[in-house]
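The file start.txt comes next; it holds compact mmCIF, C-alpha atoms and all ligand atoms.
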```
# COMPACT_ATOMS: atom_id res chain seq x y z
CA MET A 4 33.39 23.76 -0.44
CA GLN A 5 31.73 22.33 -3.55
CA MET A 6 28.68 24.37 -4.50
CA LYS A 7 25.85 23.69 -6.89
CA GLU A 8 24.16 26.37 -8.91
CA ILE A 9 20.43 26.48 -9.55
CA ARG A 10 18.62 28.90 -11.82
CA ILE A 11 15.23 29.92 -10.43
CA PRO A 12 13.09 30.66 -13.51
CA GLU A 13 11.10 33.88 -13.49
CA LYS A 14 8.16 33.85 -11.01
CA ARG A 15 9.29 30.71 -9.16
CA ALA A 16 11.06 29.78 -5.90
CA VAL A 17 13.34 27.24 -4.22
CA SER A 18 13.94 26.23 -0.62
CA PHE A 19 16.94 24.48 0.93
CA LYS A 20 18.42 23.64 4.32
CA VAL A 21 21.80 25.16 5.13
CA GLY A 22 24.00 24.03 8.01
CA GLU A 23 25.48 26.28 10.68
CA GLY A 24 28.55 28.07 9.33
CA LYS A 25 27.77 27.13 5.71
CA GLU A 26 27.41 29.80 3.04
CA PHE A 27 25.21 30.37 0.00
CA GLU A 28 24.86 33.03 -2.69
CA VAL A 29 22.05 34.78 -4.56
CA THR A 30 22.91 36.30 -7.95
CA ASP A 31 20.96 38.58 -10.27
CA PRO A 32 22.17 37.21 -13.64
CA LYS A 33 20.48 39.79 -15.91
CA GLY A 34 20.31 42.87 -13.66
CA SER A 35 17.39 44.78 -12.08
CA GLN A 36 15.67 41.68 -10.68
CA VAL A 37 14.50 41.27 -7.08
CA ALA A 38 14.76 38.02 -5.08
CA ASP A 39 12.66 37.62 -1.92
CA LEU A 40 14.21 35.60 0.93
CA VAL A 41 12.70 34.01 4.05
CA ALA A 42 14.60 32.03 6.71
CA PHE A 43 13.50 29.71 9.53
CA GLN A 44 15.36 28.03 12.38
CA ALA A 45 15.67 24.41 11.17
CA ASP A 46 14.99 22.71 14.53
CA ASN A 47 12.01 24.96 15.37
CA THR A 48 10.50 26.61 12.32
CA SER A 49 8.12 28.70 14.42
CA ILE A 50 11.24 30.84 15.01
CA ARG A 51 11.95 32.77 11.83
CA PHE A 52 13.61 35.80 10.28
CA SER A 53 11.89 39.01 11.37
CA THR A 54 12.33 42.26 9.47
CA LYS A 55 11.23 44.28 12.50
CA TYR A 56 13.63 42.68 14.97
CA THR A 57 16.32 43.11 12.33
CA TYR A 58 15.67 46.88 12.32
CA LYS A 59 15.87 46.80 16.09
CA LYS A 60 19.10 44.82 16.29
CA THR A 61 20.97 46.57 13.44
CA GLY A 62 19.46 50.06 13.77
CA LYS A 63 19.08 50.02 9.97
CA VAL A 64 16.35 49.57 7.38
CA ARG A 65 18.95 48.81 4.70
CA ILE A 66 21.47 46.08 5.53
CA SER A 67 24.66 44.95 3.78
CA ILE A 68 28.09 43.39 4.48
CA GLY A 69 28.60 42.51 8.14
CA ASP A 70 24.93 42.89 9.05
CA SER A 71 22.87 39.96 10.29
CA LEU A 72 19.26 39.00 9.78
CA PHE A 73 17.67 38.39 13.19
CA THR A 74 14.89 36.05 14.25
CA THR A 75 11.64 36.62 16.11
CA GLU A 76 13.64 35.63 19.23
CA GLY A 77 16.37 38.22 18.52
CA ASN A 78 19.15 35.83 17.46
CA PRO A 79 21.17 36.09 14.24
CA ILE A 80 20.09 33.54 11.63
CA LEU A 81 22.00 34.71 8.52
CA THR A 82 24.88 37.19 8.11
CA ILE A 83 25.78 38.99 4.89
CA VAL A 84 29.45 38.24 4.15
CA SER A 85 29.75 39.85 0.71
CA ASP A 86 27.49 42.06 -1.35
CA ASP A 87 28.09 43.54 -4.83
CA CYS A 88 24.94 45.71 -4.84
CA GLY A 89 24.38 47.03 -1.31
CA ILE A 90 20.74 48.00 -1.89
CA HIS A 91 18.13 45.60 -0.50
CA ASP A 92 14.72 46.16 1.07
CA LEU A 93 13.45 45.28 4.53
CA LEU A 94 10.33 47.48 4.43
CA TYR A 95 8.12 45.95 1.80
CA ALA A 96 5.92 42.86 1.94
CA PRO A 97 6.46 39.99 -0.47
CA CYS A 98 4.17 40.39 -3.48
CA ASN A 99 1.24 37.98 -3.59
CA ASP A 100 -1.90 37.24 -5.62
CA TRP A 101 -3.88 40.25 -4.40
CA ILE A 102 -0.98 42.71 -4.56
CA LEU A 103 -0.34 41.75 -8.19
CA THR A 104 -4.07 42.04 -8.93
CA ASP A 105 -4.11 45.49 -7.30
CA TYR A 106 -1.29 46.49 -9.66
CA GLY A 107 -3.44 45.36 -12.58
CA GLN A 108 -1.14 42.50 -13.47
CA GLU A 109 -2.91 39.97 -15.68
CA THR A 110 -1.35 36.74 -14.55
CA ASP A 111 -2.22 33.20 -13.65
CA THR A 112 1.11 32.79 -11.85
CA HIS A 113 1.64 33.42 -8.17
CA GLY A 114 3.33 36.23 -6.32
CA CYS A 115 6.41 35.70 -4.16
CA ARG A 116 4.40 34.74 -1.08
CA GLU A 117 2.67 31.85 -2.85
CA ASN A 118 5.87 30.79 -4.62
CA LEU A 119 7.90 30.80 -1.40
CA PHE A 120 5.18 28.80 0.35
CA GLU A 121 5.03 26.23 -2.47
CA ALA A 122 8.81 25.76 -2.33
CA LEU A 123 8.60 25.38 1.48
CA GLU A 124 5.54 23.10 1.48
CA PRO A 125 7.54 19.82 1.97
CA THR A 126 9.03 21.29 5.18
CA GLY A 127 5.58 21.75 6.75
CA ILE A 128 6.03 25.50 7.25
CA PRO A 129 2.54 27.06 6.97
CA LYS A 130 1.74 29.86 4.54
CA THR A 131 0.74 32.07 7.47
CA ASP A 132 4.42 32.09 8.53
CA VAL A 133 5.63 33.27 5.10
CA HIS A 134 5.42 37.06 5.12
CA SER A 135 8.63 38.61 6.50
CA THR A 136 11.14 38.88 3.64
CA LEU A 137 14.49 40.40 2.85
CA ASN A 138 13.85 41.70 -0.66
CA ILE A 139 17.29 41.28 -2.19
CA PHE A 140 18.19 43.92 -4.83
CA MET A 141 14.90 45.79 -4.21
CA LYS A 142 15.26 49.55 -3.90
CA SER A 143 12.79 51.20 -1.57
CA THR A 144 13.00 54.81 -0.52
CA ILE A 145 10.91 56.89 1.86
CA ALA A 146 9.36 60.02 0.37
CA GLU A 147 8.20 62.96 2.51
CA GLN A 148 9.22 60.96 5.59
CA LYS A 149 6.23 58.64 5.25
CA TYR A 150 5.56 57.16 1.80
CA ILE A 151 7.33 54.02 0.62
CA ASP A 152 8.49 54.66 -2.92
CA ILE A 153 9.74 51.69 -4.94
CA ARG A 154 12.43 52.44 -7.54
CA GLU A 155 14.10 50.30 -10.17
CA PRO A 156 16.80 48.03 -8.71
CA GLU A 157 20.40 49.16 -9.09
CA SER A 158 21.73 45.59 -9.40
CA GLU A 159 23.96 44.99 -12.42
CA PRO A 160 24.11 41.64 -14.27
CA GLY A 161 26.06 39.21 -12.10
CA ASP A 162 25.68 41.12 -8.84
CA THR A 163 25.85 38.64 -5.98
CA ILE A 164 25.10 38.64 -2.25
CA ARG A 165 26.64 35.92 -0.06
CA PHE A 166 25.19 34.79 3.28
CA ARG A 167 26.58 32.68 6.12
CA ALA A 168 24.13 30.67 8.21
CA ASP A 169 24.56 31.52 11.90
CA GLN A 170 22.53 28.43 12.77
CA GLU A 171 21.08 25.53 10.81
CA SER A 172 18.35 27.17 8.75
CA ILE A 173 15.67 26.51 6.17
CA VAL A 174 15.84 29.24 3.54
CA ALA A 175 13.59 29.98 0.57
CA VAL A 176 14.30 32.38 -2.29
CA SER A 177 11.94 33.53 -5.05
CA SER A 178 12.48 35.40 -8.31
CA CYS A 179 10.04 38.28 -7.79
CA ALA A 180 6.91 38.10 -9.95
CA GLY A 181 6.10 41.83 -10.14
CA GLU A 182 5.97 43.07 -13.75
CA SER A 183 6.61 46.67 -12.75
CA THR A 184 9.21 49.16 -11.55
CA VAL A 185 10.17 46.78 -8.74
CA ASN A 186 11.94 44.56 -11.31
CA GLY A 187 12.82 47.23 -13.84
CA GLY A 188 9.67 46.50 -15.88
CA ASP A 189 9.92 42.76 -16.53
CA THR A 190 10.54 39.56 -14.59
CA LYS A 191 13.79 37.61 -14.94
CA PRO A 192 15.49 34.55 -13.39
CA ILE A 193 17.62 34.48 -10.23
CA ASP A 194 20.60 32.17 -9.62
CA ILE A 195 21.54 30.62 -6.29
CA ARG A 196 24.67 28.71 -5.29
CA VAL A 197 24.25 26.38 -2.32
CA PRO A 198 26.42 23.69 -0.71
CA GLU A 199 26.63 20.58 -2.93
CA ASP A 200 24.84 18.37 -0.39
CA SER A 201 21.83 20.68 0.01
CA VAL A 202 18.37 19.16 -0.32
CA ILE A 203 16.45 21.42 -2.69
CA ASN A 204 12.69 21.84 -3.01
CA SER A 205 11.18 24.01 -5.72
CA ASN A 206 7.96 24.79 -7.54
CA PHE A 207 9.41 24.37 -11.03
ZN ZN B 1 7.69 39.61 -5.49
```
Any chance you could put this one into C-alpha cells?
Ligand SMILES: [Zn+2]
Amino acid sequence: MQMKEIRIPEKRAVSFKVGEGKEFEVTDPKGSQVADLVAFQADNTSIRFSTKYTYKKTGKVRISIGDSLFTTEGNPILTIVSDDCGIHDLLYAPCNDWILTDYGQETDTHGCRENLFEALEPTGIPKTDVHSTLNIFMKSTIAEQKYIDIREPESEPGDTIRFRADQESIVAVSSCAGESTVNGGDTKPIDIRVPEDSVINSNF
C-alpha cells in the first residue's frame, strides 16, 4: 500500500482516519522523544481507546508486538504489529497546560492534551474525551510498588511502532511537549506514515 509520511513538528499533533485492516506507523526520528496516541471508533466516537480496559484485557501495563489497544466497550481498536523499541507507557496522563506549568515549564505552547484536541477538532470529538493515551516511547517505572517514576525514553533514532486498525478508527498522535526527562530533556519531532488516501488534520 502507498503510504505518505508526515513530520509532526515539536509540540504539535495530527489526526487521521484509518480504515479497518489498514496500518500506520509512528517513528521517533531523533531518539528519546515521546508520542501520545488516542483512538476513537469512527462510527461512534463516544467509544474510544481505554488504558484501563487495555490493562484488563492484556493483563499488562506495558504492551508491544501482538498486543491490542482496547476500547471502553472492551473491543480491540488497534493492534501493534511491529515495534523496534518495546517500551511504551499506559500509566501516565497526557501532559497539558497545567501539568507543564506544575513542572515550571515556561511556554506559550500547549501540552499533548490540547494539541491532540486541536488536531481532532474538525471531527467534533470533545476535549473532555481526550485523556486516555498510549504514550509511545515513554518509559514509566513503578518505584517502591506505588510511585510512578518517569525515565528517559530508550527509543533510538528511527525506532518505529506499526499499528493495524481492528476497526475503522480516528487516531491522533502528538509529539510530546514536555521539556524534561520524559523526552530526554528537549522536545523533538515525530514522524508518522499513514495510508496515502488518509484525510489529515493538524494544528501546524
Ligand atoms: Zn506530552
(Q) Report as a ChimeraX atom specification all protein, DNA and RNA residues lying within 8 Å of A:Asp86, evaluated on all atoms listed in the file, omitting residues in the same chain fewer than 2 positions from it. (A) /A:67-68,83-84,88-89,162-165
Margin query: Which polymer residues, whether protein, DNA or RNA, lie within 9 Å of the coordinate (16.4, 34.7, -8.8) when you count all atoms listed in the file? List them as a PyMOL selection string, using the chain letters and numbers from the file.
Written below: chain A and resi 10-16+29-32+36-39+176-179+191-195
Within 6 Å of ligand ZN 1 (chain B): each chain A residue with its shortest pair, only C-alpha atoms and all ligand atoms, as a Markdown table:
```
| residue | atom | partner | partner_atom | distance |
| --- | --- | --- | --- | --- |
| A:Pro97 | CA | B:ZN1 | ZN | 5.2 |
| A:Cys98 | CA | B:ZN1 | ZN | 4.1 |
| A:Gly114 | CA | B:ZN1 | ZN | 5.6 |
| A:Cys115 | CA | B:ZN1 | ZN | 4.3 |
| A:Cys179 | CA | B:ZN1 | ZN | 3.5 |
| A:Ala180 | CA | B:ZN1 | ZN | 4.8 |
| A:Gly181 | CA | B:ZN1 | ZN | 5.4 |
```
Give me, as a tab-separated table (two decimals) with C-alpha atoms, keeping the file's coordinate frame, all polymer residues having an atom no more than 10 Å from A:Arg167, counting only C-alpha atoms and skipping those fewer than 6 positions away in the same chain.
```
chain	number	residue	atom	x	y	z
A	21	VAL	CA	21.80	25.16	5.13
A	22	GLY	CA	24.00	24.03	8.01
A	23	GLU	CA	25.48	26.28	10.68
A	24	GLY	CA	28.55	28.07	9.33
A	25	LYS	CA	27.77	27.13	5.71
A	26	GLU	CA	27.41	29.80	3.04
A	27	PHE	CA	25.21	30.37	0.00
A	28	GLU	CA	24.86	33.03	-2.69
A	71	SER	CA	22.87	39.96	10.29
A	80	ILE	CA	20.09	33.54	11.63
A	81	LEU	CA	22.00	34.71	8.52
A	82	THR	CA	24.88	37.19	8.11
A	83	ILE	CA	25.78	38.99	4.89
A	84	VAL	CA	29.45	38.24	4.15
A	85	SER	CA	29.75	39.85	0.71
```
One decimal place gives the atom CA of A:Arg51-atom CA of A:Tyr95 separation as 17.0 Å
task = List the neighbours of A:Ile145 out to 12 Å using all atoms listed in the file; skip same-chain residues closer than 3 positions along the sequence, and give me the result as an MDAnalysis selection string.
result = chainID A and resid 64:65 92 94:95 142 148:154
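Nearest to A:Gly34 of all the residues A:Glu159, A:Ser172, A:Asp87, A:Phe140 is A:Glu159, counting all atoms listed in the file.
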*Spatial neighbours of A:Met6, max dist 6 Å, only C-alpha atoms, sep filter under 5 positions, as a list in words*: Arg196, Val197, Pro198 and Glu199 of chain A
Applying 10 Å and all atoms listed in the file, which residues near A:Lys60 remain after dropping the ones on its own chain fewer than 4 positions away? List them as a PyMOL selection string.
chain A and resi 54-56+70-74+77-79
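Going from atom CA of A:Gln108 over to atom CA of A:Met141, you cover 18.8 Å.
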Atom CA of A:Asn99 sits from atom CA of A:Gly187 at a separation of 18.0 Å
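The shortest atom-to-atom distance to A:Gly107, with all atoms listed in the file taken into account, belongs to A:Ser183 out of A:Ser183, A:Ser49, A:Ser201, A:Thr190.
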With distances taken over all atoms listed in the file, which residue among A:Val17, A:Ala168, A:Ala146, A:Val174 lies nearest A:Glu121?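 The closest residue to A:Glu121 is A:Val17.
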For stretch 72-100 of chain A, supply N, CA and C atoms and report the output as a PDB file, keeping the file's coordinate frame.
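Now in out-v8.pdb:
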```
ATOM      1  N   LEU A  72      20.716  39.087   9.739  1.00  0.00           N
ATOM      2  CA  LEU A  72      19.260  39.000   9.780  1.00  0.00           C
ATOM      3  C   LEU A  72      18.920  38.326  11.103  1.00  0.00           C
ATOM      4  N   PHE A  73      17.986  38.895  11.856  1.00  0.00           N
ATOM      5  CA  PHE A  73      17.670  38.390  13.190  1.00  0.00           C
ATOM      6  C   PHE A  73      16.293  37.712  13.186  1.00  0.00           C
ATOM      7  N   THR A  74      16.144  36.800  14.154  1.00  0.00           N
ATOM      8  CA  THR A  74      14.890  36.050  14.250  1.00  0.00           C
ATOM      9  C   THR A  74      13.893  36.762  15.159  1.00  0.00           C
ATOM     10  N   THR A  75      12.701  36.184  15.195  1.00  0.00           N
ATOM     11  CA  THR A  75      11.640  36.620  16.110  1.00  0.00           C
ATOM     12  C   THR A  75      12.086  36.525  17.563  1.00  0.00           C
ATOM     13  N   GLU A  76      13.113  35.729  17.859  1.00  0.00           N
ATOM     14  CA  GLU A  76      13.640  35.630  19.230  1.00  0.00           C
ATOM     15  C   GLU A  76      14.879  36.504  19.420  1.00  0.00           C
ATOM     16  N   GLY A  77      15.270  37.266  18.384  1.00  0.00           N
ATOM     17  CA  GLY A  77      16.370  38.220  18.520  1.00  0.00           C
ATOM     18  C   GLY A  77      17.754  37.642  18.324  1.00  0.00           C
ATOM     19  N   ASN A  78      17.841  36.439  17.723  1.00  0.00           N
ATOM     20  CA  ASN A  78      19.150  35.830  17.460  1.00  0.00           C
ATOM     21  C   ASN A  78      19.492  35.927  15.978  1.00  0.00           C
ATOM     22  N   PRO A  79      20.807  36.069  15.656  1.00  0.00           N
ATOM     23  CA  PRO A  79      21.170  36.090  14.240  1.00  0.00           C
ATOM     24  C   PRO A  79      20.901  34.750  13.580  1.00  0.00           C
ATOM     25  N   ILE A  80      20.351  34.785  12.378  1.00  0.00           N
ATOM     26  CA  ILE A  80      20.090  33.540  11.630  1.00  0.00           C
ATOM     27  C   ILE A  80      20.954  33.487  10.378  1.00  0.00           C
ATOM     28  N   LEU A  81      21.121  34.619   9.689  1.00  0.00           N
ATOM     29  CA  LEU A  81      22.000  34.710   8.520  1.00  0.00           C
ATOM     30  C   LEU A  81      22.809  35.998   8.656  1.00  0.00           C
ATOM     31  N   THR A  82      24.054  35.976   8.147  1.00  0.00           N
ATOM     32  CA  THR A  82      24.880  37.190   8.110  1.00  0.00           C
ATOM     33  C   THR A  82      25.369  37.389   6.686  1.00  0.00           C
ATOM     34  N   ILE A  83      25.335  38.651   6.244  1.00  0.00           N
ATOM     35  CA  ILE A  83      25.780  38.990   4.890  1.00  0.00           C
ATOM     36  C   ILE A  83      27.304  39.098   4.909  1.00  0.00           C
ATOM     37  N   VAL A  84      27.983  38.239   4.139  1.00  0.00           N
ATOM     38  CA  VAL A  84      29.450  38.240   4.150  1.00  0.00           C
ATOM     39  C   VAL A  84      30.051  38.918   2.918  1.00  0.00           C
ATOM     40  N   SER A  85      29.311  39.012   1.827  1.00  0.00           N
ATOM     41  CA  SER A  85      29.750  39.850   0.710  1.00  0.00           C
ATOM     42  C   SER A  85      28.515  40.324  -0.043  1.00  0.00           C
ATOM     43  N   ASP A  86      28.670  41.421  -0.762  1.00  0.00           N
ATOM     44  CA  ASP A  86      27.490  42.060  -1.350  1.00  0.00           C
ATOM     45  C   ASP A  86      27.946  43.024  -2.440  1.00  0.00           C
ATOM     46  N   ASP A  87      27.673  42.687  -3.710  1.00  0.00           N
ATOM     47  CA  ASP A  87      28.090  43.540  -4.830  1.00  0.00           C
ATOM     48  C   ASP A  87      27.182  44.751  -5.008  1.00  0.00           C
ATOM     49  N   CYS A  88      25.944  44.673  -4.529  1.00  0.00           N
ATOM     50  CA  CYS A  88      24.940  45.710  -4.840  1.00  0.00           C
ATOM     51  C   CYS A  88      24.779  46.692  -3.676  1.00  0.00           C
ATOM     52  N   GLY A  89      24.499  46.176  -2.483  1.00  0.00           N
ATOM     53  CA  GLY A  89      24.380  47.030  -1.310  1.00  0.00           C
ATOM     54  C   GLY A  89      23.010  47.649  -1.099  1.00  0.00           C
ATOM     55  N   ILE A  90      22.082  47.417  -2.039  1.00  0.00           N
ATOM     56  CA  ILE A  90      20.740  48.000  -1.890  1.00  0.00           C
ATOM     57  C   ILE A  90      19.711  46.876  -1.878  1.00  0.00           C
ATOM     58  N   HIS A  91      19.115  46.657  -0.704  1.00  0.00           N
ATOM     59  CA  HIS A  91      18.130  45.600  -0.500  1.00  0.00           C
ATOM     60  C   HIS A  91      17.042  46.171   0.413  1.00  0.00           C
ATOM     61  N   ASP A  92      15.862  45.580   0.357  1.00  0.00           N
ATOM     62  CA  ASP A  92      14.720  46.160   1.070  1.00  0.00           C
ATOM     63  C   ASP A  92      14.265  45.293   2.231  1.00  0.00           C
ATOM     64  N   LEU A  93      14.038  45.956   3.368  1.00  0.00           N
ATOM     65  CA  LEU A  93      13.450  45.280   4.530  1.00  0.00           C
ATOM     66  C   LEU A  93      12.047  45.798   4.837  1.00  0.00           C
ATOM     67  N   LEU A  94      11.584  46.803   4.079  1.00  0.00           N
ATOM     68  CA  LEU A  94      10.330  47.480   4.430  1.00  0.00           C
ATOM     69  C   LEU A  94       9.105  46.823   3.811  1.00  0.00           C
ATOM     70  N   TYR A  95       9.283  46.312   2.591  1.00  0.00           N
ATOM     71  CA  TYR A  95       8.120  45.950   1.800  1.00  0.00           C
ATOM     72  C   TYR A  95       7.716  44.501   2.032  1.00  0.00           C
ATOM     73  N   ALA A  96       6.439  44.224   1.847  1.00  0.00           N
ATOM     74  CA  ALA A  96       5.920  42.860   1.940  1.00  0.00           C
ATOM     75  C   ALA A  96       6.268  42.086   0.674  1.00  0.00           C
ATOM     76  N   PRO A  97       6.332  40.761   0.764  1.00  0.00           N
ATOM     77  CA  PRO A  97       6.460  39.990  -0.470  1.00  0.00           C
ATOM     78  C   PRO A  97       5.202  40.190  -1.322  1.00  0.00           C
ATOM     79  N   CYS A  98       5.364  40.287  -2.636  1.00  0.00           N
ATOM     80  CA  CYS A  98       4.170  40.390  -3.480  1.00  0.00           C
ATOM     81  C   CYS A  98       3.381  39.087  -3.378  1.00  0.00           C
ATOM     82  N   ASN A  99       2.096  39.175  -3.641  1.00  0.00           N
ATOM     83  CA  ASN A  99       1.240  37.980  -3.590  1.00  0.00           C
ATOM     84  C   ASN A  99       0.102  38.161  -4.601  1.00  0.00           C
ATOM     85  N   ASP A 100      -0.833  37.202  -4.606  1.00  0.00           N
ATOM     86  CA  ASP A 100      -1.900  37.240  -5.620  1.00  0.00           C
ATOM     87  C   ASP A 100      -2.652  38.568  -5.606  1.00  0.00           C
TER      88      ASP A 100
END
```
